[in-house]
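Colleague: entry_2.cif is reproduced below (mmCIF, N, CA and C atoms and all ligand atoms).
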```cif
data_data
#
loop_
_atom_site.label_atom_id
_atom_site.label_comp_id
_atom_site.auth_asym_id
_atom_site.auth_seq_id
_atom_site.Cartn_x
_atom_site.Cartn_y
_atom_site.Cartn_z
N MET A 1 72.52 56.81 111.94
CA MET A 1 71.67 56.62 110.75
C MET A 1 72.48 55.99 109.62
N ASN A 2 72.00 54.87 109.11
CA ASN A 2 72.77 54.21 108.06
C ASN A 2 71.92 53.85 106.85
N ASP A 3 70.97 54.68 106.58
CA ASP A 3 70.11 54.48 105.40
C ASP A 3 70.94 54.69 104.13
N PRO A 4 71.08 53.66 103.30
CA PRO A 4 71.91 53.83 102.10
C PRO A 4 71.40 54.93 101.18
N ASN A 5 70.12 55.22 101.25
CA ASN A 5 69.57 56.25 100.38
C ASN A 5 70.05 57.66 100.76
N VAL A 6 70.44 57.80 102.03
CA VAL A 6 70.90 59.11 102.48
C VAL A 6 72.19 59.48 101.75
N PHE A 7 73.06 58.46 101.59
CA PHE A 7 74.33 58.75 100.92
C PHE A 7 74.36 58.11 99.54
N SER A 8 73.52 58.60 98.68
CA SER A 8 73.53 58.10 97.31
C SER A 8 74.80 58.54 96.61
N ASN A 9 75.42 59.60 97.15
CA ASN A 9 76.65 60.12 96.57
C ASN A 9 77.63 60.41 97.70
N PRO A 10 78.20 59.32 98.30
CA PRO A 10 79.03 59.53 99.49
C PRO A 10 80.36 60.23 99.16
N CYS A 11 80.88 60.94 100.13
CA CYS A 11 82.20 61.57 100.02
C CYS A 11 83.24 60.47 99.86
N ALA A 12 84.14 60.63 98.91
CA ALA A 12 85.15 59.60 98.62
C ALA A 12 86.19 59.49 99.72
N ILE A 13 86.33 60.51 100.54
CA ILE A 13 87.37 60.52 101.57
C ILE A 13 86.87 59.92 102.88
N CYS A 14 85.83 60.50 103.47
CA CYS A 14 85.37 60.03 104.79
C CYS A 14 84.27 58.96 104.66
N LYS A 15 83.57 58.94 103.57
CA LYS A 15 82.48 57.99 103.29
C LYS A 15 81.36 58.03 104.33
N THR A 16 81.35 59.04 105.18
CA THR A 16 80.31 59.13 106.20
C THR A 16 79.41 60.34 105.98
N ALA A 17 79.69 61.11 104.93
CA ALA A 17 78.87 62.28 104.64
C ALA A 17 78.55 62.32 103.15
N GLU A 18 77.48 63.01 102.86
CA GLU A 18 77.07 63.19 101.47
C GLU A 18 78.04 64.15 100.77
N ALA A 19 78.47 63.77 99.57
CA ALA A 19 79.32 64.66 98.79
C ALA A 19 78.45 65.73 98.14
N ASP A 20 78.81 66.98 98.33
CA ASP A 20 78.03 68.05 97.69
C ASP A 20 78.89 68.91 96.77
N ARG A 21 80.10 68.41 96.48
CA ARG A 21 80.99 69.15 95.57
C ARG A 21 82.01 68.17 94.99
N LEU A 22 82.71 68.62 93.95
CA LEU A 22 83.73 67.79 93.31
C LEU A 22 85.08 68.51 93.40
N CYS A 23 86.14 67.72 93.45
CA CYS A 23 87.47 68.32 93.48
C CYS A 23 87.72 69.05 92.16
N ASP A 24 88.17 70.31 92.26
CA ASP A 24 88.36 71.15 91.08
C ASP A 24 89.79 71.13 90.55
N TYR A 25 90.63 70.27 91.12
CA TYR A 25 92.03 70.28 90.70
C TYR A 25 92.15 69.85 89.24
N ILE A 26 92.92 70.60 88.46
CA ILE A 26 93.07 70.30 87.04
C ILE A 26 94.12 69.19 86.87
N VAL A 27 93.67 68.05 86.38
CA VAL A 27 94.58 66.91 86.21
C VAL A 27 95.06 66.79 84.77
N GLU A 28 94.33 67.43 83.86
CA GLU A 28 94.75 67.35 82.47
C GLU A 28 94.39 68.63 81.74
N TYR A 29 95.34 69.15 80.98
CA TYR A 29 95.10 70.37 80.22
C TYR A 29 94.71 70.02 78.80
N ASN A 30 93.58 70.52 78.39
CA ASN A 30 93.10 70.27 77.03
C ASN A 30 92.93 71.58 76.29
N ARG A 31 94.01 72.12 75.80
CA ARG A 31 93.92 73.41 75.13
C ARG A 31 93.87 73.26 73.62
N ASN A 32 93.99 72.03 73.16
CA ASN A 32 94.06 71.80 71.73
C ASN A 32 92.85 70.95 71.29
N PRO A 33 92.08 71.44 70.32
CA PRO A 33 90.86 70.71 69.91
C PRO A 33 91.14 69.29 69.43
N ILE A 34 92.38 68.99 69.05
CA ILE A 34 92.70 67.65 68.53
C ILE A 34 92.51 66.57 69.59
N PHE A 35 92.53 66.96 70.87
CA PHE A 35 92.38 65.98 71.95
C PHE A 35 90.93 65.57 72.19
N PHE A 36 90.01 66.26 71.57
CA PHE A 36 88.61 65.96 71.86
C PHE A 36 88.11 64.80 71.02
N ARG A 37 87.34 63.93 71.66
CA ARG A 37 86.83 62.73 71.01
C ARG A 37 85.83 63.09 69.92
N ASP A 38 85.00 64.08 70.21
CA ASP A 38 83.95 64.44 69.25
C ASP A 38 83.55 65.90 69.45
N TYR A 39 82.70 66.35 68.59
CA TYR A 39 82.31 67.76 68.66
C TYR A 39 81.60 68.09 69.97
N GLN A 40 80.76 67.15 70.45
CA GLN A 40 80.01 67.40 71.68
C GLN A 40 80.94 67.66 72.86
N SER A 41 81.98 66.84 73.01
CA SER A 41 82.88 67.04 74.14
C SER A 41 83.69 68.32 73.97
N PHE A 42 83.97 68.68 72.73
CA PHE A 42 84.67 69.94 72.48
C PHE A 42 83.78 71.12 72.89
N LYS A 43 82.50 71.06 72.49
CA LYS A 43 81.55 72.11 72.79
C LYS A 43 81.36 72.26 74.30
N GLU A 44 81.23 71.12 75.00
CA GLU A 44 81.08 71.16 76.45
C GLU A 44 82.29 71.77 77.13
N SER A 45 83.46 71.44 76.61
CA SER A 45 84.66 71.95 77.24
C SER A 45 84.79 73.46 77.04
N VAL A 46 84.31 73.94 75.90
CA VAL A 46 84.34 75.38 75.68
C VAL A 46 83.37 76.07 76.64
N GLU A 47 82.24 75.41 76.89
CA GLU A 47 81.24 76.00 77.79
C GLU A 47 81.64 75.89 79.25
N HIS A 48 82.33 74.84 79.62
CA HIS A 48 82.62 74.59 81.03
C HIS A 48 84.10 74.67 81.38
N GLY A 49 84.90 75.23 80.50
CA GLY A 49 86.33 75.28 80.77
C GLY A 49 87.03 74.16 80.04
N HIS A 50 88.26 74.38 79.60
CA HIS A 50 88.94 73.45 78.70
C HIS A 50 89.54 72.27 79.42
N ASP A 51 89.73 72.34 80.70
CA ASP A 51 90.60 71.39 81.36
C ASP A 51 89.84 70.32 82.14
N SER A 52 90.39 69.11 82.19
CA SER A 52 89.77 68.04 82.95
C SER A 52 90.14 68.20 84.42
N THR A 53 89.12 68.11 85.27
CA THR A 53 89.38 68.22 86.70
C THR A 53 89.28 66.84 87.35
N CYS A 54 89.80 66.74 88.58
CA CYS A 54 89.84 65.50 89.34
C CYS A 54 88.43 64.92 89.53
N ASP A 55 87.46 65.78 89.94
CA ASP A 55 86.05 65.40 90.08
C ASP A 55 85.77 64.36 91.17
N LEU A 56 86.68 64.19 92.11
CA LEU A 56 86.42 63.31 93.25
C LEU A 56 85.28 63.91 94.07
N PRO A 57 84.24 63.10 94.42
CA PRO A 57 83.15 63.66 95.22
C PRO A 57 83.60 63.92 96.66
N LEU A 58 83.31 65.11 97.17
CA LEU A 58 83.77 65.52 98.49
C LEU A 58 82.65 66.13 99.31
N CYS A 59 82.74 65.97 100.64
CA CYS A 59 81.83 66.67 101.53
C CYS A 59 82.51 67.98 101.96
N THR A 60 81.75 68.82 102.68
CA THR A 60 82.28 70.12 103.09
C THR A 60 83.50 69.97 103.99
N LYS A 61 83.49 68.92 104.85
CA LYS A 61 84.57 68.72 105.82
C LYS A 61 85.87 68.32 105.16
N CYS A 62 85.79 67.53 104.09
CA CYS A 62 86.99 66.93 103.50
C CYS A 62 87.63 67.78 102.40
N ARG A 63 86.94 68.81 101.97
CA ARG A 63 87.56 69.63 100.93
C ARG A 63 88.36 70.76 101.56
N THR A 64 89.31 71.29 100.78
CA THR A 64 90.00 72.51 101.17
C THR A 64 89.69 73.55 100.11
N LEU A 65 89.22 74.70 100.54
CA LEU A 65 88.83 75.74 99.60
C LEU A 65 90.03 76.65 99.32
N ILE A 66 90.44 76.68 98.04
CA ILE A 66 91.56 77.52 97.62
C ILE A 66 91.05 78.47 96.54
N ASN A 67 90.99 79.75 96.83
CA ASN A 67 90.56 80.74 95.84
C ASN A 67 89.30 80.33 95.09
N GLY A 68 88.33 79.82 95.82
CA GLY A 68 87.06 79.46 95.20
C GLY A 68 87.02 78.07 94.59
N ALA A 69 88.14 77.33 94.63
CA ALA A 69 88.18 75.97 94.09
C ALA A 69 88.23 74.98 95.25
N ASP A 70 87.48 73.88 95.13
CA ASP A 70 87.49 72.81 96.13
C ASP A 70 88.56 71.80 95.78
N LEU A 71 89.42 71.46 96.74
CA LEU A 71 90.45 70.45 96.48
C LEU A 71 90.29 69.27 97.43
N CYS A 72 90.49 68.05 96.90
CA CYS A 72 90.52 66.87 97.75
C CYS A 72 91.85 66.87 98.52
N PRO A 73 91.96 66.10 99.61
CA PRO A 73 93.19 66.13 100.43
C PRO A 73 94.43 65.78 99.62
N TYR A 74 94.31 64.83 98.69
CA TYR A 74 95.44 64.41 97.86
C TYR A 74 95.94 65.57 97.00
N HIS A 75 95.03 66.25 96.35
CA HIS A 75 95.44 67.35 95.47
C HIS A 75 95.80 68.61 96.23
N TYR A 76 95.28 68.74 97.46
CA TYR A 76 95.69 69.88 98.29
C TYR A 76 97.19 69.76 98.61
N GLU A 77 97.66 68.53 98.89
CA GLU A 77 99.09 68.30 99.14
C GLU A 77 99.92 68.69 97.92
N ILE A 78 99.46 68.29 96.74
CA ILE A 78 100.18 68.62 95.50
C ILE A 78 100.14 70.12 95.27
N TYR A 79 99.00 70.72 95.56
CA TYR A 79 98.86 72.17 95.39
C TYR A 79 99.88 72.91 96.26
N LYS A 80 100.03 72.48 97.52
CA LYS A 80 100.97 73.14 98.43
C LYS A 80 102.40 73.03 97.89
N LYS A 81 102.75 71.83 97.39
CA LYS A 81 104.09 71.63 96.82
C LYS A 81 104.29 72.49 95.58
N ALA A 82 103.24 72.61 94.79
CA ALA A 82 103.33 73.37 93.53
C ALA A 82 103.57 74.85 93.77
N GLN A 83 103.28 75.32 94.99
CA GLN A 83 103.52 76.73 95.30
C GLN A 83 105.00 77.04 95.52
N ASN A 84 105.80 75.98 95.74
CA ASN A 84 107.20 76.19 96.10
C ASN A 84 108.13 76.25 94.90
N LEU A 85 107.92 77.19 94.03
CA LEU A 85 108.81 77.40 92.91
C LEU A 85 110.15 77.93 93.45
N PRO A 86 111.28 77.38 93.00
CA PRO A 86 112.57 77.87 93.52
C PRO A 86 112.75 79.36 93.26
N GLU A 87 113.40 80.04 94.18
CA GLU A 87 113.57 81.49 94.10
C GLU A 87 114.22 81.91 92.78
N LYS A 88 115.18 81.12 92.30
CA LYS A 88 115.88 81.51 91.06
C LYS A 88 114.95 81.48 89.84
N LEU A 89 113.84 80.73 89.94
CA LEU A 89 112.86 80.75 88.85
C LEU A 89 111.80 81.81 89.08
N ARG A 90 111.59 82.15 90.34
CA ARG A 90 110.54 83.10 90.68
C ARG A 90 110.75 84.47 90.05
N LYS A 91 112.03 84.87 89.90
CA LYS A 91 112.27 86.20 89.34
C LYS A 91 111.81 86.25 87.88
N TYR A 92 111.92 85.13 87.16
CA TYR A 92 111.41 85.09 85.78
C TYR A 92 109.89 85.13 85.77
N GLN A 93 109.32 84.45 86.76
CA GLN A 93 107.87 84.43 86.89
C GLN A 93 107.34 85.85 87.15
N ARG A 94 108.03 86.57 88.06
CA ARG A 94 107.61 87.94 88.37
C ARG A 94 107.74 88.84 87.14
N LYS A 95 108.83 88.68 86.39
CA LYS A 95 109.03 89.48 85.18
C LYS A 95 107.90 89.25 84.19
N SER A 96 107.57 88.00 83.96
CA SER A 96 106.56 87.71 82.95
C SER A 96 105.19 88.17 83.42
N LYS A 97 104.92 88.07 84.73
CA LYS A 97 103.64 88.57 85.25
C LYS A 97 103.56 90.09 85.14
N ALA A 98 104.69 90.76 85.39
CA ALA A 98 104.72 92.21 85.28
C ALA A 98 104.47 92.65 83.84
N ARG A 99 105.05 91.89 82.90
CA ARG A 99 104.87 92.22 81.49
C ARG A 99 103.41 92.04 81.08
N ILE A 100 102.78 90.95 81.54
CA ILE A 100 101.37 90.70 81.23
C ILE A 100 100.51 91.84 81.79
N ALA A 101 100.81 92.25 83.04
CA ALA A 101 100.04 93.33 83.67
C ALA A 101 100.19 94.62 82.86
N GLN A 102 101.42 94.87 82.39
CA GLN A 102 101.70 96.06 81.57
C GLN A 102 100.89 96.04 80.28
N GLU A 103 100.86 94.86 79.64
CA GLU A 103 100.12 94.72 78.38
C GLU A 103 98.62 94.91 78.59
N MET A 104 98.11 94.38 79.71
CA MET A 104 96.69 94.52 80.03
C MET A 104 96.33 95.98 80.22
N LEU A 105 97.21 96.69 80.92
CA LEU A 105 97.01 98.11 81.18
C LEU A 105 96.97 98.87 79.85
N GLN A 106 97.93 98.55 78.98
CA GLN A 106 98.03 99.19 77.68
C GLN A 106 96.74 98.94 76.87
N MET A 107 96.27 97.68 76.90
CA MET A 107 95.06 97.34 76.14
C MET A 107 93.84 98.07 76.67
N SER A 108 93.74 98.20 78.00
CA SER A 108 92.57 98.87 78.56
C SER A 108 92.63 100.37 78.26
N LYS A 109 93.85 100.93 78.18
CA LYS A 109 93.99 102.33 77.79
C LYS A 109 93.53 102.55 76.35
N GLU A 110 93.97 101.63 75.49
CA GLU A 110 93.62 101.74 74.08
C GLU A 110 92.11 101.59 73.88
N ALA A 111 91.50 100.70 74.67
CA ALA A 111 90.06 100.48 74.56
C ALA A 111 89.27 101.71 75.01
N ALA A 112 89.86 102.45 75.95
CA ALA A 112 89.17 103.62 76.49
C ALA A 112 89.26 104.83 75.56
N GLU A 113 90.24 104.80 74.65
CA GLU A 113 90.44 105.96 73.77
C GLU A 113 89.36 106.09 72.71
ZN ZN B 1 84.08 63.71 103.63
ZN ZN B 2 91.38 65.82 93.62
#
```
What would the structure in this file look like if it were written as structure tokens?

Modeller:
Amino acid sequence: MNDPNVFSNPCAICKTAEADRLCDYIVEYNRNPIFFRDYQSFKESVEHGHDSTCDLPLCTKCRTLINGADLCPYHYEIYKKAQNLPEKLRKYQRKSKARIAQEMLQMSKEAAE
């Protein structure tokens, strides 16, 4: 079947299936309102998350699902590499995560009082 209407939104990777999702990989961090072009884009980003995602159209076959996020093959490779933090840095990462967990616990205790 090669009806062009069937694939009005083809998958960017295989081009043989309809894309039903977008790549969720964050390509740009926008945590500062100064980066927004106008109020509307600022408002949308607050409603939909602050960060710009890849947004490549993907079909079910071509995406990789990571913790509820869809990744295109290109960003899945980067994601795998990004997991390999050197061991000598990991101990700092663990310390800071432990501290955050401790603070969260403290806050929830205070909220319960
Ligand atoms: Zn595909
Ligand atoms: Zn992507």

Colleague: Wanna dump the chain A-ligand ZN 1 (chain B) contacts at 6 Å for me, each residue with its shortest atom pair and the distance in Å to one decimal, counting only C-alpha atoms and all ligand atoms, ordered by chain and number, as a tab-separated table?

Modeller:
```
residue	atom	partner	partner_atom	distance
A:Cys11	CA	B:ZN1	ZN	4.6
A:Ile13	CA	B:ZN1	ZN	5.0
A:Cys14	CA	B:ZN1	ZN	4.1
A:Lys15	CA	B:ZN1	ZN	5.9
A:Ala17	CA	B:ZN1	ZN	5.5
A:Leu58	CA	B:ZN1	ZN	5.5
A:Cys59	CA	B:ZN1	ZN	4.3
A:Lys61	CA	B:ZN1	ZN	5.5
A:Cys62	CA	B:ZN1	ZN	4.3
```

Colleague: Residues contacting ligand ZN 2 (chain B) - anything with an atom at most 6.5 Å away, using only N, CA and C atoms and all ligand atoms - can you give me those as a list in words?

Modeller: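 I would give the residues around ligand ZN 2 (chain B) as Cys23, Asp24, Tyr25, Cys54, Asp55, Leu56, Leu71, Cys72, Pro73, Tyr74, His75 and Tyr76 of chain A.
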
Colleague: Mind checking DSSP for segment 45-83 of chain A and telling me the alpha helix (DSSP H) residues as a PyMOL selection string?

Modeller: chain A and resi 45-48+73-82

Colleague: Output N, CA and C atoms of each residue in that selection to a file, as a PDB file, keeping the file's coordinate frame.

Modeller:
```pdb
ATOM      1  N   SER A  45      83.460  71.440  76.610  1.00  0.00           N
ATOM      2  CA  SER A  45      84.660  71.950  77.240  1.00  0.00           C
ATOM      3  C   SER A  45      84.790  73.460  77.040  1.00  0.00           C
ATOM      4  N   VAL A  46      84.310  73.940  75.900  1.00  0.00           N
ATOM      5  CA  VAL A  46      84.340  75.380  75.680  1.00  0.00           C
ATOM      6  C   VAL A  46      83.370  76.070  76.640  1.00  0.00           C
ATOM      7  N   GLU A  47      82.240  75.410  76.890  1.00  0.00           N
ATOM      8  CA  GLU A  47      81.240  76.000  77.790  1.00  0.00           C
ATOM      9  C   GLU A  47      81.640  75.890  79.250  1.00  0.00           C
ATOM     10  N   HIS A  48      82.330  74.840  79.620  1.00  0.00           N
ATOM     11  CA  HIS A  48      82.620  74.590  81.030  1.00  0.00           C
ATOM     12  C   HIS A  48      84.100  74.670  81.380  1.00  0.00           C
ATOM     13  N   PRO A  73      91.960  66.100  99.610  1.00  0.00           N
ATOM     14  CA  PRO A  73      93.190  66.130 100.430  1.00  0.00           C
ATOM     15  C   PRO A  73      94.430  65.780  99.620  1.00  0.00           C
ATOM     16  N   TYR A  74      94.310  64.830  98.690  1.00  0.00           N
ATOM     17  CA  TYR A  74      95.440  64.410  97.860  1.00  0.00           C
ATOM     18  C   TYR A  74      95.940  65.570  97.000  1.00  0.00           C
ATOM     19  N   HIS A  75      95.030  66.250  96.350  1.00  0.00           N
ATOM     20  CA  HIS A  75      95.440  67.350  95.470  1.00  0.00           C
ATOM     21  C   HIS A  75      95.800  68.610  96.230  1.00  0.00           C
ATOM     22  N   TYR A  76      95.280  68.740  97.460  1.00  0.00           N
ATOM     23  CA  TYR A  76      95.690  69.880  98.290  1.00  0.00           C
ATOM     24  C   TYR A  76      97.190  69.760  98.610  1.00  0.00           C
ATOM     25  N   GLU A  77      97.660  68.530  98.890  1.00  0.00           N
ATOM     26  CA  GLU A  77      99.090  68.300  99.140  1.00  0.00           C
ATOM     27  C   GLU A  77      99.920  68.690  97.920  1.00  0.00           C
ATOM     28  N   ILE A  78      99.460  68.290  96.740  1.00  0.00           N
ATOM     29  CA  ILE A  78     100.180  68.620  95.500  1.00  0.00           C
ATOM     30  C   ILE A  78     100.140  70.120  95.270  1.00  0.00           C
ATOM     31  N   TYR A  79      99.000  70.720  95.560  1.00  0.00           N
ATOM     32  CA  TYR A  79      98.860  72.170  95.390  1.00  0.00           C
ATOM     33  C   TYR A  79      99.880  72.910  96.260  1.00  0.00           C
ATOM     34  N   LYS A  80     100.030  72.480  97.520  1.00  0.00           N
ATOM     35  CA  LYS A  80     100.970  73.140  98.430  1.00  0.00           C
ATOM     36  C   LYS A  80     102.400  73.030  97.890  1.00  0.00           C
ATOM     37  N   LYS A  81     102.750  71.830  97.390  1.00  0.00           N
ATOM     38  CA  LYS A  81     104.090  71.630  96.820  1.00  0.00           C
ATOM     39  C   LYS A  81     104.290  72.490  95.580  1.00  0.00           C
ATOM     40  N   ALA A  82     103.240  72.610  94.790  1.00  0.00           N
ATOM     41  CA  ALA A  82     103.330  73.370  93.530  1.00  0.00           C
ATOM     42  C   ALA A  82     103.570  74.850  93.770  1.00  0.00           C
TER      43      ALA A  82
END
```

Colleague: Looking at all atoms listed in the file, which of A:Ser8, A:Pro57, A:Met107, A:Lys43 is the one that sits closest to Asp20 of chain A?

Modeller: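 Residue with the minimum atom-to-atom distance to Asp20 of chain A: A:Pro57.
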
Colleague: Quote the spacing between atom CA of Glu28 of chain A and atom N of Asp51 of chain A in Å to one decimal place.

Modeller: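 That distance, rounded to one decimal, is 7.3 Å.
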
Colleague: Go through A:Gly68, A:Lys81, A:Leu22, A:Tyr39 and flag the residue nearest Thr53 of chain A, using only C-alpha atoms for the distances.

Modeller: A:Leu22

Colleague: I need the residues in chain A that are strand (DSSP E or B) according to DSSP; give them as a list of chain:residue names.

Modeller: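 Filtering chain A to strand (DSSP E or B) leaves A:Pro10, A:Glu18, A:Arg21, A:Leu22, A:Ile26, A:Val27, A:Glu28, A:Ser52, A:Thr53, A:Pro57, A:Leu58, A:Thr64, A:Leu65, A:Ile66, A:Ala69, A:Asp70, A:Leu71.
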
Colleague: How would the residues just picked look written out with N, CA and C atoms as a PDB file, in the coordinates of the input?

Modeller:
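The resulting file, part_19.pdb, is reproduced below:
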```
ATOM      1  N   PRO A  10      78.200  59.320  98.300  1.00  0.00           N
ATOM      2  CA  PRO A  10      79.030  59.530  99.490  1.00  0.00           C
ATOM      3  C   PRO A  10      80.360  60.230  99.160  1.00  0.00           C
ATOM      4  N   GLU A  18      77.480  63.010 102.860  1.00  0.00           N
ATOM      5  CA  GLU A  18      77.070  63.190 101.470  1.00  0.00           C
ATOM      6  C   GLU A  18      78.040  64.150 100.770  1.00  0.00           C
ATOM      7  N   ARG A  21      80.100  68.410  96.480  1.00  0.00           N
ATOM      8  CA  ARG A  21      80.990  69.150  95.570  1.00  0.00           C
ATOM      9  C   ARG A  21      82.010  68.170  94.990  1.00  0.00           C
ATOM     10  N   LEU A  22      82.710  68.620  93.950  1.00  0.00           N
ATOM     11  CA  LEU A  22      83.730  67.790  93.310  1.00  0.00           C
ATOM     12  C   LEU A  22      85.080  68.510  93.400  1.00  0.00           C
ATOM     13  N   ILE A  26      92.920  70.600  88.460  1.00  0.00           N
ATOM     14  CA  ILE A  26      93.070  70.300  87.040  1.00  0.00           C
ATOM     15  C   ILE A  26      94.120  69.190  86.870  1.00  0.00           C
ATOM     16  N   VAL A  27      93.670  68.050  86.380  1.00  0.00           N
ATOM     17  CA  VAL A  27      94.580  66.910  86.210  1.00  0.00           C
ATOM     18  C   VAL A  27      95.060  66.790  84.770  1.00  0.00           C
ATOM     19  N   GLU A  28      94.330  67.430  83.860  1.00  0.00           N
ATOM     20  CA  GLU A  28      94.750  67.350  82.470  1.00  0.00           C
ATOM     21  C   GLU A  28      94.390  68.630  81.740  1.00  0.00           C
ATOM     22  N   SER A  52      90.390  69.110  82.190  1.00  0.00           N
ATOM     23  CA  SER A  52      89.770  68.040  82.950  1.00  0.00           C
ATOM     24  C   SER A  52      90.140  68.200  84.420  1.00  0.00           C
ATOM     25  N   THR A  53      89.120  68.110  85.270  1.00  0.00           N
ATOM     26  CA  THR A  53      89.380  68.220  86.700  1.00  0.00           C
ATOM     27  C   THR A  53      89.280  66.840  87.350  1.00  0.00           C
ATOM     28  N   PRO A  57      84.240  63.100  94.420  1.00  0.00           N
ATOM     29  CA  PRO A  57      83.150  63.660  95.220  1.00  0.00           C
ATOM     30  C   PRO A  57      83.600  63.920  96.660  1.00  0.00           C
ATOM     31  N   LEU A  58      83.310  65.110  97.170  1.00  0.00           N
ATOM     32  CA  LEU A  58      83.770  65.520  98.490  1.00  0.00           C
ATOM     33  C   LEU A  58      82.650  66.130  99.310  1.00  0.00           C
ATOM     34  N   THR A  64      89.310  71.290 100.780  1.00  0.00           N
ATOM     35  CA  THR A  64      90.000  72.510 101.170  1.00  0.00           C
ATOM     36  C   THR A  64      89.690  73.550 100.110  1.00  0.00           C
ATOM     37  N   LEU A  65      89.220  74.700 100.540  1.00  0.00           N
ATOM     38  CA  LEU A  65      88.830  75.740  99.600  1.00  0.00           C
ATOM     39  C   LEU A  65      90.030  76.650  99.320  1.00  0.00           C
ATOM     40  N   ILE A  66      90.440  76.680  98.040  1.00  0.00           N
ATOM     41  CA  ILE A  66      91.560  77.520  97.620  1.00  0.00           C
ATOM     42  C   ILE A  66      91.050  78.470  96.540  1.00  0.00           C
ATOM     43  N   ALA A  69      88.140  77.330  94.630  1.00  0.00           N
ATOM     44  CA  ALA A  69      88.180  75.970  94.090  1.00  0.00           C
ATOM     45  C   ALA A  69      88.230  74.980  95.250  1.00  0.00           C
ATOM     46  N   ASP A  70      87.480  73.880  95.130  1.00  0.00           N
ATOM     47  CA  ASP A  70      87.490  72.810  96.130  1.00  0.00           C
ATOM     48  C   ASP A  70      88.560  71.800  95.780  1.00  0.00           C
ATOM     49  N   LEU A  71      89.420  71.460  96.740  1.00  0.00           N
ATOM     50  CA  LEU A  71      90.450  70.450  96.480  1.00  0.00           C
ATOM     51  C   LEU A  71      90.290  69.270  97.430  1.00  0.00           C
TER      52      LEU A  71
END
```

Colleague: Please write out, as lines of an AutoDock Vina configuration file, where the centre of an axis-aligned box around all listed atoms of segment 78-89 of chain A lies and how long its edges are, in Å to one decimal, after adding 6 Å on each side.

Modeller:
```
center_x = 107.4
center_y = 75.1
center_z = 93.6
size_x = 29.0
size_y = 25.6
size_z = 21.6
```

Colleague: Measuring between all atoms listed in the file, which one of A:Phe7, A:Leu105, A:Arg94, A:Arg21 shows the shortest distance to Asp70 of chain A?

Modeller: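 Looking at the shortest contact to Asp70 of chain A, the residue is A:Arg21.
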
Colleague: I'd like the interatomic distance between atom CA of Arg99 of chain A and atom CA of Ala82 of chain A, to a tenth of an Å.

Modeller: 22.4 Å

Colleague: Which value, in Å to one decimal, gives the distance between atom N of Glu18 of chain A and atom CA of Leu65 of chain A?

Modeller: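 Distance reported for this atom pair: 17.4 Å.
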
Colleague: Under the rule that all atoms listed in the file are counted, which of A:Ala111, A:Val27, A:Leu85, A:Ile78 is the nearest residue to Ser52 of chain A?

Modeller: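 Closest to Ser52 of chain A of all the choices is A:Val27.
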